[in-house]
Amino acid sequence: MINKNKKIMSKMVHITERTLTFKGTEDQKLTGYKFPMLVELLNGNYIEFDNKTIEWIIQNNASSQHNKERFIYIDALLNYLNANKENELEIFNNIRTWAEQKGIFEKGDVKTQYIKLQEEAGELAKALLNNDKEEIIDAIGDCVVVLTNLSKLAGYNIEDCIHSAYNVISKRTGKMENGTFIKDK
């Protein structure tokens with residue numbers, strides 16, 4: 001679920017209390033369908049469709065008995081999203097376990113991890129300049145790993161840092177200038 005102030009990107013989904021019906025498509029692959037980035041459920045909650053969610057929808061949609069459209073059950077989608085969220089959060093525990101096993105928490109400190117973060121950020125910059133998609137993914141992942149370790153060494157969990165940052169930015173207003181969001185003062 002995400003911030004309900006966010007704009008809905010598409011109105012091509014019919015929403016009831018139990019189902020999301022995809023208009024204008026008849027096959028399971030939802031051929032020709034342009035997925036919305038965001039849908040609002042009847043209860044006011046929003047669901048954001050990322051690539052994994054779209055894959056799940058394609059694998060789990062069914063043919064309607066009433067027309068030639070396809071649908072999914074909202075409860076099944078929410079169960080998938082909740083399970084996926086728990087698995088994604090578990091990755092931070094896995095990173096901390098790995099770092100513990102490698103001695104990073106015992107022998108490292110915030111300064112060495114900050115230097116490592118700058119190294120990874122440099123690799124990300126190079127990958128972006130070269131438009132190297134595999135290296136971009138790798139470098140972003142490496143930055144998250146280092147930030148997870150850095151936050152632990154500083155006495156925090158990265159999850160708490162992310163939630164704290166989101167609580168601030170979710171209320172922030174501003175505008176885009178030259179490809180950058182500039183917050184209001």
# chains A, B, ... in the order shown; residues from 1 in each chain; ligands from 1
$ residues_around --residues "Asp184 of chain A" --least-positions-apart "3" --cutoff "9 Å" --atoms "only C-alpha atoms" --output "CSV table (one decimal) with N, CA and C atoms, in the first residue's frame"
chain,number,residue,atom,x,y,z
A,172,ARG,N,6.4,16.3,2.1
A,172,ARG,CA,7.2,17.4,1.4
A,172,ARG,C,6.5,17.9,0.1
A,173,THR,N,6.5,19.1,-0.1
A,173,THR,CA,6.0,19.7,-1.3
A,173,THR,C,7.2,20.4,-2.0
A,174,GLY,N,7.0,20.6,-3.3
A,174,GLY,CA,8.0,21.2,-4.1
A,174,GLY,C,7.7,21.0,-5.6
A,175,LYS,N,8.7,21.1,-6.4
A,175,LYS,CA,8.5,21.0,-7.9
A,175,LYS,C,9.8,20.5,-8.5
$ residues_around --residues "segment 85-97 of chain A" --least-positions-apart "5" --cutoff "8 Å" --atoms "only C-alpha atoms" --output "PyMOL selection string"
chain A and resi 145+148-149+152+158-159
$ write_last_selection --atoms "N, CA and C atoms" --output "JSON list (two decimals), in the first residue's frame"
[["chain", "number", "residue", "atom", "x", "y", "z"],
["A", 145, "VAL", "N", 23.54, -2.62, 0.35],
["A", 145, "VAL", "CA", 24.25, -3.49, 1.29],
["A", 145, "VAL", "C", 25.13, -2.66, 2.22],
["A", 148, "THR", "N", 23.11, -0.68, 4.66],
["A", 148, "THR", "CA", 22.58, -1.57, 5.70],
["A", 148, "THR", "C", 23.64, -1.78, 6.78],
["A", 149, "ASN", "N", 24.87, -2.03, 6.35],
["A", 149, "ASN", "CA", 25.97, -2.24, 7.30],
["A", 149, "ASN", "C", 26.31, -0.95, 8.04],
["A", 152, "LYS", "N", 23.77, -0.20, 10.74],
["A", 152, "LYS", "CA", 23.96, -1.10, 11.89],
["A", 152, "LYS", "C", 25.14, -0.65, 12.75],
["A", 158, "ILE", "N", 18.47, -0.18, 9.06],
["A", 158, "ILE", "CA", 18.17, 0.57, 7.84],
["A", 158, "ILE", "C", 16.67, 0.72, 7.63],
["A", 159, "GLU", "N", 15.89, -0.28, 8.04],
["A", 159, "GLU", "CA", 14.44, -0.19, 7.89],
["A", 159, "GLU", "C", 13.89, 1.03, 8.62]]
$ closest_atom_pairs --of "segment 148-167 of chain A" --to "segment 100-116 of chain A" --cutoff "7 Å" --atoms "only C-alpha atoms" --output "tab-separated table"
residue	atom	partner	partner_atom	distance
A:Leu150	CA	A:Val110	CA	5.5
A:Leu153	CA	A:Val110	CA	5.9
A:Ala154	CA	A:Val110	CA	6.3
$ select_by_dssp --residues "segment 37-124 of chain A" --states "strand (DSSP E or B)" --output "list in words"
Leu38, Val39, Glu40, Tyr46, Ile47, Glu48, Ala62, Ser63, Arg70, Phe71, Ile72 and Tyr73 of chain A
$ residues_around --residues "Ala125 of chain A" --least-positions-apart "4" --cutoff "10 Å" --atoms "only C-alpha atoms" --output "list in words"
Glu119, Glu120, Ala121, Leu129, Asn130, Asn131, Glu135, Ile136 and Ala139 of chain A
$ write_last_selection --atoms "C-alpha atoms" --output "PDB file, in the first residue's frame"
ATOM      1  CA  GLU A 119      33.425   3.566  -3.847  1.00  0.00           C
ATOM      2  CA  GLU A 120      30.092   1.918  -4.709  1.00  0.00           C
ATOM      3  CA  ALA A 121      28.564   5.299  -5.621  1.00  0.00           C
ATOM      4  CA  LEU A 129      27.387   7.056 -17.746  1.00  0.00           C
ATOM      5  CA  ASN A 130      27.944   3.846 -19.725  1.00  0.00           C
ATOM      6  CA  ASN A 131      24.227   2.945 -19.597  1.00  0.00           C
ATOM      7  CA  GLU A 135      26.213  -2.808 -13.556  1.00  0.00           C
ATOM      8  CA  ILE A 136      23.588  -0.227 -12.550  1.00  0.00           C
ATOM      9  CA  ALA A 139      25.945  -0.961  -7.978  1.00  0.00           C
TER      10      ALA A 139
END
$ closest_residue --among "A:Gln65, A:Thr21, A:Thr180, A:Asn84" --to "Val39 of chain A" --atoms "only C-alpha atoms"
A:Thr21
$ atom_distance --atom1 "atom CA of Asp160 of chain A" --atom2 "atom CA of Val146 of chain A"
15.6 Å
$ atom_distance --atom1 "atom CA of Tyr46 of chain A" --atom2 "atom CA of Lys34 of chain A"
17.8 Å
$ select_by_dssp --residues "segment 13-183 of chain A" --states "helix (DSSP H, G or I)" --output "number ranges by chain"
A: 51-60, 74-102, 104-107, 110-130, 133-153, 158-169
$ closest_residue --among "A:Phe49, A:Leu42, A:Gly24, A:Asn82" --to "Asn67 of chain A" --atoms "only C-alpha atoms"
A:Gly24
$ residues_around --residues "Leu77 of chain A" --least-positions-apart "2" --cutoff "12 Å" --atoms "only C-alpha atoms" --output "VMD selection string"
chain A and resid 1 18 to 20 41 47 to 49 52 to 61 71 to 75 79 to 84
$ write_last_selection --atoms "C-alpha atoms" --output "mmCIF file, in the first residue's frame"
data_model
loop_
_atom_site.group_PDB
_atom_site.id
_atom_site.type_symbol
_atom_site.label_atom_id
_atom_site.label_comp_id
_atom_site.auth_asym_id
_atom_site.auth_seq_id
_atom_site.Cartn_x
_atom_site.Cartn_y
_atom_site.Cartn_z
ATOM 1 C CA MET A 1 0.000 0.000 0.000
ATOM 2 C CA ARG A 18 -13.681 -8.706 -4.578
ATOM 3 C CA THR A 19 -12.000 -8.325 -7.983
ATOM 4 C CA LEU A 20 -9.853 -6.245 -10.300
ATOM 5 C CA LEU A 41 -9.272 -0.006 -4.090
ATOM 6 C CA ILE A 47 -1.755 -0.759 -4.848
ATOM 7 C CA GLU A 48 1.320 -0.042 -6.935
ATOM 8 C CA PHE A 49 2.037 -2.503 -9.734
ATOM 9 C CA LYS A 52 6.932 -8.644 -9.951
ATOM 10 C CA THR A 53 3.295 -7.819 -9.258
ATOM 11 C CA ILE A 54 2.570 -7.616 -12.973
ATOM 12 C CA GLU A 55 4.175 -11.055 -13.455
ATOM 13 C CA TRP A 56 1.990 -12.455 -10.654
ATOM 14 C CA ILE A 57 -1.123 -10.905 -12.219
ATOM 15 C CA ILE A 58 -0.311 -12.410 -15.622
ATOM 16 C CA GLN A 59 0.161 -15.860 -14.073
ATOM 17 C CA ASN A 60 -2.940 -15.696 -11.874
ATOM 18 C CA ASN A 61 -5.681 -13.906 -13.805
ATOM 19 C CA PHE A 71 -9.780 -10.623 -13.572
ATOM 20 C CA ILE A 72 -7.924 -11.370 -10.344
ATOM 21 C CA TYR A 73 -9.257 -11.657 -6.809
ATOM 22 C CA ILE A 74 -8.205 -8.747 -4.611
ATOM 23 C CA ASP A 75 -7.699 -10.983 -1.543
ATOM 24 C CA ASN A 79 -1.939 -12.055 0.163
ATOM 25 C CA TYR A 80 0.765 -12.128 -2.520
ATOM 26 C CA LEU A 81 1.794 -8.525 -1.810
ATOM 27 C CA ASN A 82 1.970 -9.105 1.961
ATOM 28 C CA ALA A 83 4.066 -12.269 1.562
ATOM 29 C CA ASN A 84 6.331 -10.512 -0.927
#
$ atom_distance --atom1 "atom CA of Thr16 of chain A" --atom2 "atom CA of Asn51 of chain A"
23.1 Å
$ closest_residue --among "A:Ile15, A:Leu147, A:Phe35, A:Arg70" --to "Ala99 of chain A" --atoms "only C-alpha atoms"
A:Leu147
$ closest_residue --among "A:Phe22, A:Glu17, A:Lys29, A:Tyr156" --to "Asn45 of chain A" --atoms "only C-alpha atoms"
A:Glu17
$ closest_residue --among "A:Ile140, A:Ser164, A:Tyr33, A:Asn43" --to "Ala127 of chain A" --atoms "only C-alpha atoms"
A:Ile140
